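A.B. asks: File name query_0.txt; file contents compact mmCIF, C-alpha atoms; full text below.
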```txt
# COMPACT_ATOMS: atom_id res chain seq x y z
CA MET A 1 129.93 35.91 141.49
CA LEU A 2 132.71 34.66 139.29
CA THR A 3 133.75 31.10 139.79
CA THR A 4 137.32 30.74 140.99
CA ASN A 5 138.20 27.11 140.40
CA PRO A 6 139.83 26.17 137.10
CA ILE A 7 138.20 23.97 134.53
CA GLU A 8 140.58 21.27 133.38
CA ILE A 9 140.53 20.85 129.63
CA GLU A 10 142.16 17.99 127.75
CA LEU A 11 143.02 19.46 124.35
CA THR A 12 144.36 16.21 122.97
CA THR A 13 145.14 12.62 123.80
CA LYS A 14 148.34 12.74 121.78
CA CYS A 15 151.72 12.64 123.49
CA THR A 16 155.23 11.78 122.44
CA LEU A 17 156.40 10.30 125.73
CA GLY A 18 155.99 6.91 127.35
CA CYS A 19 155.86 7.62 131.08
CA PRO A 20 155.26 4.27 132.84
CA ALA A 21 152.67 5.52 135.33
CA CYS A 22 150.66 7.53 132.83
CA PRO A 23 147.17 6.13 132.21
CA ARG A 24 148.22 5.92 128.56
CA ASN A 25 150.73 3.25 129.41
CA ALA A 26 149.92 1.79 132.82
CA ASP A 27 147.97 -1.43 132.84
CA ASP A 28 146.44 -1.18 136.29
CA TYR A 29 143.64 1.22 135.54
CA GLY A 30 141.21 -1.47 134.48
CA GLU A 31 138.71 0.19 132.24
CA HIS A 32 141.11 2.83 130.93
CA THR A 33 141.60 0.99 127.67
CA LYS A 34 143.29 2.79 124.79
CA GLU A 35 140.40 2.54 122.37
CA ASN A 36 138.29 4.37 124.94
CA TRP A 37 140.54 7.26 125.80
CA ASP A 38 142.57 7.80 122.61
CA VAL A 39 140.08 10.08 120.92
CA GLY A 40 142.51 12.51 119.30
CA HIS A 41 142.33 16.29 119.35
CA MET A 42 139.55 18.44 120.76
CA ASP A 43 137.70 20.41 118.11
CA THR A 44 139.35 23.82 117.96
CA ASP A 45 136.09 25.77 118.05
CA LEU A 46 134.98 23.75 121.06
CA ALA A 47 138.27 24.40 122.82
CA LYS A 48 137.85 28.14 122.25
CA SER A 49 134.21 28.14 123.27
CA PHE A 50 134.98 27.62 126.95
CA ALA A 51 136.69 31.00 127.00
CA ASN A 52 133.51 32.73 125.84
CA ASP A 53 131.74 32.27 129.16
CA PRO A 54 132.25 35.40 131.28
CA GLU A 55 131.36 33.38 134.38
CA ASP A 56 134.51 31.33 134.01
CA ARG A 57 137.90 32.91 134.20
CA ASP A 58 140.33 30.18 135.20
CA TYR A 59 141.40 27.29 132.99
CA LEU A 60 143.91 24.49 133.04
CA PHE A 61 145.13 22.75 129.88
CA VAL A 62 146.05 19.42 131.39
CA GLY A 63 148.12 16.52 130.25
CA CYS A 64 146.22 13.60 131.69
CA TYR A 65 146.18 11.58 128.48
CA GLY A 66 147.97 13.89 126.09
CA ASP A 67 150.15 16.98 126.15
CA PRO A 68 148.33 20.16 125.09
CA ILE A 69 151.24 21.49 123.04
CA TYR A 70 150.62 18.68 120.53
CA HIS A 71 147.19 19.99 119.61
CA PRO A 72 147.68 21.25 116.02
CA ASP A 73 145.99 24.58 116.85
CA PHE A 74 147.51 24.98 120.29
CA ILE A 75 148.95 28.45 119.70
CA ASP A 76 145.73 29.69 118.12
CA ILE A 77 143.71 28.40 121.08
CA VAL A 78 146.05 29.92 123.65
CA ARG A 79 145.95 33.25 121.81
CA TYR A 80 142.15 33.18 122.03
CA TYR A 81 142.26 32.74 125.82
CA ILE A 82 144.89 35.44 126.26
CA GLU A 83 142.87 37.90 124.18
CA ARG A 84 139.95 37.32 126.55
CA ASN A 85 142.15 37.99 129.54
CA LYS A 86 141.66 34.52 130.99
CA MET A 87 143.75 32.90 133.67
CA LEU A 88 145.31 29.90 132.03
CA THR A 89 147.72 27.25 133.21
CA ILE A 90 149.37 24.91 130.73
CA HIS A 91 150.95 21.62 131.75
CA THR A 92 153.56 20.26 129.35
CA ASN A 93 156.57 18.00 129.12
CA GLY A 94 158.05 20.50 126.66
CA SER A 95 159.51 17.94 124.27
CA PHE A 96 159.74 17.71 120.52
CA LYS A 97 158.73 21.20 119.50
CA LYS A 98 161.00 23.25 117.28
CA GLN A 99 162.34 26.75 117.83
CA LYS A 100 159.78 28.13 115.38
CA PHE A 101 156.98 26.87 117.63
CA TRP A 102 158.45 28.42 120.76
CA ASP A 103 159.18 31.70 118.96
CA GLU A 104 155.59 31.93 117.76
CA LEU A 105 154.31 31.03 121.21
CA ALA A 106 156.59 33.61 122.82
CA SER A 107 155.22 36.29 120.49
CA LEU A 108 151.77 36.11 122.11
CA ASN A 109 150.69 38.86 124.44
CA TRP A 110 151.32 36.93 127.66
CA SER A 111 150.78 38.29 131.13
CA ARG A 112 151.18 36.94 134.66
CA LYS A 113 147.63 35.66 134.43
CA GLN A 114 148.95 32.78 132.38
CA GLN A 115 151.27 30.08 133.58
CA PHE A 116 153.41 27.38 132.02
CA ASN A 117 154.15 24.29 134.05
CA PHE A 118 157.09 22.33 132.63
CA SER A 119 157.16 18.80 134.03
CA VAL A 120 160.80 17.79 133.90
CA ASP A 121 162.06 15.17 136.33
CA GLY A 122 165.80 15.56 136.46
CA LEU A 123 168.56 16.75 134.20
CA GLU A 124 169.71 15.64 130.77
CA ASP A 125 170.95 12.26 132.00
CA THR A 126 167.91 11.37 134.13
CA ASN A 127 164.73 13.06 132.90
CA HIS A 128 164.15 10.41 130.27
CA LEU A 129 164.26 7.55 132.80
CA TYR A 130 160.66 8.14 133.82
CA ARG A 131 159.69 10.52 131.02
CA ILE A 132 160.68 7.97 128.40
CA ARG A 133 161.56 9.48 124.99
CA ALA A 134 161.74 13.02 126.42
CA ASN A 135 163.99 15.24 124.36
CA TRP A 136 166.23 17.40 126.51
CA LYS A 137 167.37 19.74 123.76
CA SER A 138 163.85 20.77 122.83
CA ILE A 139 162.83 21.13 126.48
CA MET A 140 165.68 23.53 127.10
CA MET A 141 164.76 25.37 123.91
CA GLY A 142 161.25 25.94 125.21
CA MET A 143 162.25 26.93 128.72
CA LYS A 144 164.95 29.28 127.48
CA THR A 145 162.67 30.97 124.95
CA MET A 146 159.81 31.52 127.37
CA GLY A 147 162.14 32.40 130.24
CA ALA A 148 163.79 35.15 128.21
CA LEU A 149 160.56 37.12 127.79
CA PRO A 150 160.41 40.52 129.51
CA LEU A 151 158.41 40.44 132.72
CA ASP A 152 155.60 42.64 131.39
CA ARG A 153 154.64 40.01 128.84
CA LYS A 154 155.92 36.86 130.42
CA PRO A 155 153.73 34.05 131.74
CA ARG A 156 154.53 32.57 135.10
CA LEU A 157 156.93 29.70 134.57
CA ASP A 158 157.10 26.66 136.82
CA TRP A 159 159.48 23.74 136.61
CA LYS A 160 157.86 20.80 138.35
CA PHE A 161 160.50 18.22 139.25
CA LEU A 162 159.13 14.85 140.34
CA VAL A 163 161.67 13.47 142.79
CA PHE A 164 162.75 9.86 142.45
CA PRO A 165 165.63 8.09 144.18
CA TYR A 166 167.74 8.39 141.02
CA ASN A 167 167.33 12.14 140.57
CA GLU A 168 167.16 13.42 144.12
CA HIS A 169 170.84 14.37 144.06
CA GLN A 170 170.13 16.70 141.12
CA VAL A 171 167.52 18.86 142.79
CA GLU A 172 169.86 21.72 143.64
CA ASP A 173 171.60 21.69 140.25
CA ALA A 174 168.21 21.73 138.56
CA ARG A 175 167.15 24.63 140.77
CA LYS A 176 170.21 26.60 139.63
CA LEU A 177 169.48 25.76 136.02
CA ALA A 178 165.88 26.88 136.46
CA ASN A 179 167.06 30.20 137.83
CA SER A 180 169.47 30.69 134.96
CA LEU A 181 166.70 29.98 132.43
CA GLY A 182 164.33 32.56 133.88
CA ILE A 183 161.97 30.05 135.48
CA ASP A 184 159.91 31.74 138.20
CA ARG A 185 159.46 28.81 140.51
CA PHE A 186 161.25 25.49 140.85
CA LEU A 187 159.09 22.83 142.46
CA PRO A 188 160.62 19.56 143.60
CA VAL A 189 157.63 17.40 144.43
CA THR A 190 157.08 13.89 145.67
CA SER A 191 154.47 11.66 144.15
CA GLU A 192 151.43 10.59 146.07
CA ARG A 193 151.48 7.39 144.08
CA GLU A 194 153.39 4.37 145.27
CA ILE A 195 156.82 3.84 143.73
CA GLU A 196 155.75 0.43 142.44
CA VAL A 197 153.44 2.16 139.99
CA TYR A 198 156.45 3.64 138.26
CA ASN A 199 158.37 0.43 137.88
CA THR A 200 156.95 -0.80 134.63
CA ASP A 201 160.04 -1.34 132.50
CA THR A 202 162.42 1.05 134.17
CA PRO A 203 164.49 -0.54 136.94
CA GLU A 204 166.45 2.69 137.31
CA LEU A 205 163.49 4.09 139.18
CA TYR A 206 164.63 2.08 142.18
CA GLU A 207 168.34 2.63 141.80
CA TRP A 208 170.41 5.45 143.16
CA PRO A 209 173.21 6.10 143.40
CA LYS A 210 174.21 4.11 140.36
CA GLN A 211 177.55 2.38 140.70
CA MET B 23 137.78 3.05 153.51
CA ALA B 24 137.44 6.75 154.25
CA ILE B 25 138.24 9.05 151.38
CA THR B 26 138.47 12.80 150.93
CA PRO B 27 137.32 13.48 147.39
CA LYS B 28 139.49 16.08 145.72
CA CYS B 29 136.51 16.98 143.55
CA LYS B 30 134.43 18.17 146.49
CA ASN B 31 135.51 21.77 145.97
CA GLY B 32 134.74 21.67 142.28
CA ASP B 33 138.34 22.32 141.34
CA THR B 34 139.05 19.15 139.37
CA LEU B 35 136.25 19.40 136.82
CA TYR B 36 137.57 17.79 133.69
CA VAL B 37 136.59 18.23 130.04
CA THR B 38 137.45 15.39 127.69
CA PRO B 39 138.53 16.02 124.08
CA PHE B 40 134.97 15.07 123.16
CA GLY B 41 133.71 17.95 125.25
CA THR B 42 132.06 15.80 127.90
CA LEU B 43 132.43 16.61 131.59
CA ARG B 44 133.74 14.42 134.41
CA PRO B 45 134.33 15.18 138.11
CA CYS B 46 138.01 14.47 137.53
CA CYS B 47 140.33 12.96 134.96
CA TRP B 48 140.63 9.61 136.73
CA MET B 49 137.10 8.40 136.09
CA PRO B 50 137.14 5.06 134.33
CA GLU B 51 135.73 5.32 130.84
CA GLN B 52 133.09 2.60 130.97
CA TYR B 53 131.68 4.08 134.16
CA CYS B 54 131.44 7.43 132.40
CA TRP B 55 129.42 6.09 129.52
CA LYS B 56 126.84 4.82 131.96
CA THR B 57 126.71 7.92 134.10
CA PHE B 58 128.18 11.30 133.26
CA ASP B 59 127.83 11.07 129.49
CA VAL B 60 124.09 10.36 129.64
CA ASP B 61 123.14 12.39 132.70
CA PRO B 62 121.65 15.85 131.98
CA LYS B 63 123.13 17.11 135.23
CA TRP B 64 126.63 16.59 133.72
CA ASN B 65 125.74 17.84 130.26
CA MET B 66 127.01 21.40 129.90
CA ASN B 67 124.67 21.98 126.97
CA ILE B 68 121.79 21.52 129.41
CA THR B 69 123.19 22.47 132.81
CA PRO B 70 125.39 25.57 133.24
CA VAL B 71 128.99 24.75 134.04
CA LYS B 72 128.76 26.96 137.12
CA GLN B 73 125.93 24.82 138.45
CA ILE B 74 127.82 21.64 137.66
CA LYS B 75 130.84 22.93 139.56
CA GLU B 76 128.89 24.16 142.54
CA LYS B 77 126.18 21.51 142.87
CA THR B 78 126.52 18.43 140.71
CA VAL B 79 130.14 17.78 141.64
CA LEU B 80 129.40 18.18 145.33
CA GLU B 81 126.61 15.64 145.09
CA PHE B 82 128.97 13.25 143.38
CA ALA B 83 131.66 13.79 146.03
CA GLU B 84 129.18 13.09 148.80
CA SER B 85 128.08 9.87 147.12
CA MET B 86 131.70 8.79 146.76
CA GLN B 87 132.30 9.34 150.45
CA LYS B 88 129.51 6.87 151.15
CA GLN B 89 130.28 4.37 148.42
CA PRO B 90 133.56 5.18 146.63
CA LEU B 91 134.61 3.76 143.31
CA GLY B 92 137.89 1.86 143.24
CA VAL B 93 139.66 4.71 141.51
CA CYS B 94 138.43 7.13 144.18
CA LYS B 95 139.84 4.88 146.91
CA ARG B 96 143.14 4.82 145.06
CA MET B 97 143.44 8.51 144.27
CA CYS B 98 141.66 10.20 147.17
CA SER B 99 142.61 8.24 150.25
CA GLY B 100 146.37 8.68 150.26
CA GLU B 101 148.24 10.12 153.18
CA LYS B 102 150.82 12.83 152.62
CA LYS B 103 154.34 11.51 152.39
CA GLU B 104 157.42 12.87 154.02
CA GLY B 105 159.79 14.58 151.67
CA TYR B 106 159.63 17.67 149.55
CA GLY B 107 156.42 18.86 150.99
CA GLU B 108 154.40 19.65 147.93
CA LEU B 109 151.79 17.02 147.35
CA PHE B 110 151.86 16.10 143.71
CA ASN B 111 148.54 15.89 142.00
CA ALA B 112 148.65 15.31 138.28
CA THR B 113 146.02 17.92 137.66
CA GLN B 114 146.70 20.30 140.48
CA LYS B 115 146.87 23.96 139.60
CA MET B 116 150.03 25.53 140.88
CA VAL B 117 149.56 28.88 142.52
CA ILE B 118 152.53 31.08 143.11
CA GLU B 119 152.58 32.27 146.67
CA GLY B 120 152.67 36.00 147.15
CA GLU B 121 151.52 36.82 143.65
CA SER B 122 147.97 37.88 143.00
CA GLU B 123 146.31 37.25 139.70
```
Would you encode the structure as structure tokens?

C.D. replies:
Amino acid sequence: MLTTNPIEIELTTKCTLGCPACPRNADDYGEHTKENWDVGHMDTDLAKSFANDPEDRDYLFVGCYGDPIYHPDFIDIVRYYIERNKMLTIHTNGSFKKQKFWDELASLNWSRKQQFNFSVDGLEDTNHLYRIRANWKSIMMGMKTMGALPLDRKPRLDWKFLVFPYNEHQVEDARKLANSLGIDRFLPVTSEREIEVYNTDTPELYEWPKQ
Amino acid sequence: MAITPKCKNGDTLYVTPFGTLRPCCWMPEQYCWKTFDVDPKWNMNITPVKQIKEKTVLEFAESMQKQPLGVCKRMCSGEKKEGYGELFNATQKMVIEGESE
């Protein structure tokens, strides 16, 4: 019997953002010290090797310590999984990649077995409050490029919107934007973590509406 | 403290960039060096991944229910909050309702 649960694979520990509650930046995880978890990129052959097992069919490229799109061979690895008809979900913040990257990614032979999960918490004026250093222009570039693919070779596209007091009023506008970009599902979600975890250096996390 | 380990169904199995396996991504690193990284039951070069997902992880989840690590208490004991309904889990796979694979 085929296994049905995804294997979560961390392709890299590199990320461009500085989200306060991320284990990369939070200081309340005790033994999660940077020298222990910042091990760089997964070997490309190793990353591909998981897709060779016919028993496994479902994979998740997670962003626990890094964002998978920053693996230098990300597109090559994803192509390998697609060619083997694997179910694959990719979590990303979508920032700081150029149009050339998204065009090359969009040229792959996607199907609805694959899924992109863009984690974007707000609109242009708020997303960067928690997702510090996020680049709105490049996020929109990625969403627009992937969202424009024809359905027969388009991955499922999710926009996961983490709701904070300061961005709650933007949920419906973001939903409309998601629809206009060709996103399949807009997901406003609340965190199971306490709000205090998010309040590292970002007082705006408590404040809304701003006066 | 009672916890409900999210790993008990084998759906949070996590592979580090080194290629080592953990029951989930929240395991503290020093604990891993002493356990998962040296235990043949967690070594996918020795034990098939399928067996790890279906047996080894369950054994770990059961042990955490009896004597949970601090991180397990923090991440697997929370109650659902009121609000937008969807419980956010950093590593949760999103499944689109109504669409088959």

A.B. asks: Find the residues around segment 173-180 of chain A up to 8 Å (only C-alpha atoms counted), leave out those fewer than 3 positions away in its own chain, and share them as a list of chain:residue names.

C.D. replies: A:Gly122, A:Leu123, A:Trp159, A:Gln170, A:Ile183, A:Asp184, A:Arg185, A:Phe186

A.B. asks: Would you mind telling me which residue in B:Thr34, B:Gln73, B:Gln89, B:Thr42 lies nearest to Val60 of chain B when using only C-alpha atoms?

C.D. replies: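 Going through B:Thr34, B:Gln73, B:Gln89, B:Thr42 one by one, the smallest distance to Val60 of chain B is for B:Thr42.
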
A.B. asks: Near Val39 of chain A, within 8 Å and counting all atoms listed in the file, which residues show up once chain neighbours fewer than 2 positions away are dropped, as a PyMOL selection string?

C.D. replies: (chain A and resi 12-13+35-37+41) or (chain B and resi 39-40)

A.B. asks: Do a neighbour search on Asp33 of chain B at 8 Å with only C-alpha atoms, toss out local chain neighbours closer than 4 positions, and write the hits as a short mmCIF file (atom, residue, chain, number, x, y, z; two decimals) with C-alpha atoms, in the frame of the given file.

C.D. replies:
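Everything below was put into around.cif:
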```cif
data_model
loop_
_atom_site.label_atom_id
_atom_site.label_comp_id
_atom_site.auth_asym_id
_atom_site.auth_seq_id
_atom_site.Cartn_x
_atom_site.Cartn_y
_atom_site.Cartn_z
CA ASN A 5 138.20 27.11 140.40
CA PRO A 6 139.83 26.17 137.10
CA ILE A 7 138.20 23.97 134.53
CA LYS B 28 139.49 16.08 145.72
CA CYS B 29 136.51 16.98 143.55
CA LYS B 75 130.84 22.93 139.56
#
```

A.B. asks: Could you please determine the separation between atom CA of Val163 of chain A and atom CA of Phe74 of chain A in Å, to one decimal place?

C.D. replies: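 Between atom CA of Val163 of chain A and atom CA of Phe74 of chain A the gap is 29.0 Å.
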
A.B. asks: Please compute the atom CA of Asp73 of chain A-atom CA of Asn93 of chain A distance, one decimal, in Å.

C.D. replies: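 Distance reported for this atom pair: 17.5 Å.
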
A.B. asks: Using only C-alpha atoms, find the one residue out of A:Ser49, A:Asn127, A:Ser107, A:Gln99 that sits nearest to chain B.

C.D. replies: A:Ser49

A.B. asks: Of the candidates A:Arg24, A:Leu149, A:Lys48, A:Gly63, which shows the shortest atom-to-atom distance to Leu105 of chain A, using only C-alpha atoms?

C.D. replies: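 For Leu105 of chain A, the nearest of the candidates is A:Leu149.
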
A.B. asks: Leaving out Ile74 of chain B and any residue of its chain fewer than 5 positions from it, which residues lie within 7 Å of it when counting all atoms listed in the file, given as a list in words?

C.D. replies: Lys63, Trp64, Thr69 and Val79 of chain B

A.B. asks: Which is closest to chain A among B:Pro90, B:Pro27, B:Pro50, B:Pro45, if we use only C-alpha atoms?

C.D. replies: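 For chain A, the nearest of the given residues is B:Pro50.
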
A.B. asks: With distances taken over all atoms listed in the file, which residue among A:Ile82, A:Ala134, A:Met87, A:Ile69 lies nearest chain B?

C.D. replies: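 That would be A:Met87, the residue with the smallest distance to chain B.
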
A.B. asks: So, counting all atoms listed in the file, which residue among A:Ile90, A:Ala21, A:Met42, A:Leu181 is closest to chain B?

C.D. replies: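 Selected residue with least distance to chain B: A:Met42.
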
A.B. asks: Skipping near chain neighbours, those fewer than 4 positions away, what residues fall within 9 Å of Lys98 of chain A using all atoms listed in the file, listed as a compact mmCIF listing (two decimals) with C-alpha atoms, in the coordinates of the input?

C.D. replies:
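That gives us around-v5.txt:
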```txt
# COMPACT_ATOMS: atom_id res chain seq x y z
CA TRP A 102 158.45 28.42 120.76
CA ASP A 103 159.18 31.70 118.96
CA SER A 138 163.85 20.77 122.83
CA MET A 141 164.76 25.37 123.91
CA GLY A 142 161.25 25.94 125.21
```

A.B. asks: Do you have the atom CA of Val189 of chain A-atom CA of Phe161 of chain A distance handy?

C.D. replies: 6.0 Å

A.B. asks: Do you know which residues lie at most 7 Å from (161.5, 20.6, 124.3), with coordinates as in the file and all atoms listed in the file counted, and could you write them as number ranges by chain?

C.D. replies: A: 94-97, 135-142

A.B. asks: Store the residues picked out above in a file with C-alpha atoms, as a CSV table (one decimal), in the coordinates of the input.

C.D. replies:
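Resulting contents of part_18.csv:
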```
chain,number,residue,atom,x,y,z
A,94,GLY,CA,158.0,20.5,126.7
A,95,SER,CA,159.5,17.9,124.3
A,96,PHE,CA,159.7,17.7,120.5
A,97,LYS,CA,158.7,21.2,119.5
A,135,ASN,CA,164.0,15.2,124.4
A,136,TRP,CA,166.2,17.4,126.5
A,137,LYS,CA,167.4,19.7,123.8
A,138,SER,CA,163.8,20.8,122.8
A,139,ILE,CA,162.8,21.1,126.5
A,140,MET,CA,165.7,23.5,127.1
A,141,MET,CA,164.8,25.4,123.9
A,142,GLY,CA,161.2,25.9,125.2
```

A.B. asks: Taking all atoms of segment 113-126 of chain A that the file lists, what box with edges along x, y and z, padded by 5 Å per side, do you get, with centre and edge lengths in Å to one decimal, as lines of an AutoDock Vina configuration file?

C.D. replies:
```
center_x = 159.3
center_y = 23.5
center_z = 133.6
size_x = 33.3
size_y = 34.3
size_z = 15.7
```

A.B. asks: Using only C-alpha atoms - which residues lie no farther than 12 Å from the point (137.5, 32.8, 119.4) in the file's frame? Write them as a PyMOL selection string.

C.D. replies: chain A and resi 44-53+76-84

A.B. asks: Just add N, CA and C atoms to segment 150-167 of chain A and send it as a PDB file, in the frame of the given file.

C.D. replies:
```
ATOM      1  N   PRO A 150     160.437  39.461 128.490  1.00  0.00           N
ATOM      2  CA  PRO A 150     160.410  40.520 129.510  1.00  0.00           C
ATOM      3  C   PRO A 150     159.227  40.326 130.455  1.00  0.00           C
ATOM      4  N   LEU A 151     159.389  40.741 131.684  1.00  0.00           N
ATOM      5  CA  LEU A 151     158.410  40.440 132.720  1.00  0.00           C
ATOM      6  C   LEU A 151     157.014  40.954 132.388  1.00  0.00           C
ATOM      7  N   ASP A 152     156.923  42.069 131.656  1.00  0.00           N
ATOM      8  CA  ASP A 152     155.600  42.640 131.390  1.00  0.00           C
ATOM      9  C   ASP A 152     154.799  41.853 130.370  1.00  0.00           C
ATOM     10  N   ARG A 153     155.419  40.901 129.713  1.00  0.00           N
ATOM     11  CA  ARG A 153     154.640  40.010 128.840  1.00  0.00           C
ATOM     12  C   ARG A 153     155.163  38.569 128.925  1.00  0.00           C
ATOM     13  N   LYS A 154     155.403  38.196 130.164  1.00  0.00           N
ATOM     14  CA  LYS A 154     155.920  36.860 130.420  1.00  0.00           C
ATOM     15  C   LYS A 154     154.928  36.075 131.278  1.00  0.00           C
ATOM     16  N   PRO A 155     154.576  34.858 130.866  1.00  0.00           N
ATOM     17  CA  PRO A 155     153.730  34.050 131.740  1.00  0.00           C
ATOM     18  C   PRO A 155     154.531  33.584 132.946  1.00  0.00           C
ATOM     19  N   ARG A 156     153.838  33.213 133.991  1.00  0.00           N
ATOM     20  CA  ARG A 156     154.530  32.570 135.100  1.00  0.00           C
ATOM     21  C   ARG A 156     155.092  31.243 134.602  1.00  0.00           C
ATOM     22  N   LEU A 157     156.289  30.940 135.013  1.00  0.00           N
ATOM     23  CA  LEU A 157     156.930  29.700 134.570  1.00  0.00           C
ATOM     24  C   LEU A 157     157.289  28.845 135.771  1.00  0.00           C
ATOM     25  N   ASP A 158     156.766  27.632 135.778  1.00  0.00           N
ATOM     26  CA  ASP A 158     157.100  26.660 136.820  1.00  0.00           C
ATOM     27  C   ASP A 158     157.886  25.511 136.207  1.00  0.00           C
ATOM     28  N   TRP A 159     158.833  25.015 136.943  1.00  0.00           N
ATOM     29  CA  TRP A 159     159.480  23.740 136.610  1.00  0.00           C
ATOM     30  C   TRP A 159     159.091  22.777 137.720  1.00  0.00           C
ATOM     31  N   LYS A 160     158.262  21.807 137.365  1.00  0.00           N
ATOM     32  CA  LYS A 160     157.860  20.800 138.350  1.00  0.00           C
ATOM     33  C   LYS A 160     158.762  19.573 138.208  1.00  0.00           C
ATOM     34  N   PHE A 161     159.471  19.268 139.255  1.00  0.00           N
ATOM     35  CA  PHE A 161     160.500  18.220 139.250  1.00  0.00           C
ATOM     36  C   PHE A 161     160.017  17.098 140.164  1.00  0.00           C
ATOM     37  N   LEU A 162     159.586  15.999 139.560  1.00  0.00           N
ATOM     38  CA  LEU A 162     159.130  14.850 140.340  1.00  0.00           C
ATOM     39  C   LEU A 162     160.354  14.095 140.863  1.00  0.00           C
ATOM     40  N   VAL A 163     160.466  14.023 142.183  1.00  0.00           N
ATOM     41  CA  VAL A 163     161.670  13.470 142.790  1.00  0.00           C
ATOM     42  C   VAL A 163     161.587  11.949 142.906  1.00  0.00           C
ATOM     43  N   PHE A 164     162.574  11.297 142.332  1.00  0.00           N
ATOM     44  CA  PHE A 164     162.750   9.860 142.450  1.00  0.00           C
ATOM     45  C   PHE A 164     164.090   9.596 143.125  1.00  0.00           C
ATOM     46  N   PRO A 165     164.320   8.379 143.585  1.00  0.00           N
ATOM     47  CA  PRO A 165     165.630   8.090 144.180  1.00  0.00           C
ATOM     48  C   PRO A 165     166.799   8.407 143.251  1.00  0.00           C
ATOM     49  N   TYR A 166     166.624   8.213 141.962  1.00  0.00           N
ATOM     50  CA  TYR A 166     167.740   8.390 141.020  1.00  0.00           C
ATOM     51  C   TYR A 166     167.991   9.837 140.630  1.00  0.00           C
ATOM     52  N   ASN A 167     167.078  10.748 140.957  1.00  0.00           N
ATOM     53  CA  ASN A 167     167.330  12.140 140.570  1.00  0.00           C
ATOM     54  C   ASN A 167     167.361  13.102 141.762  1.00  0.00           C
TER      55      ASN A 167
END
```
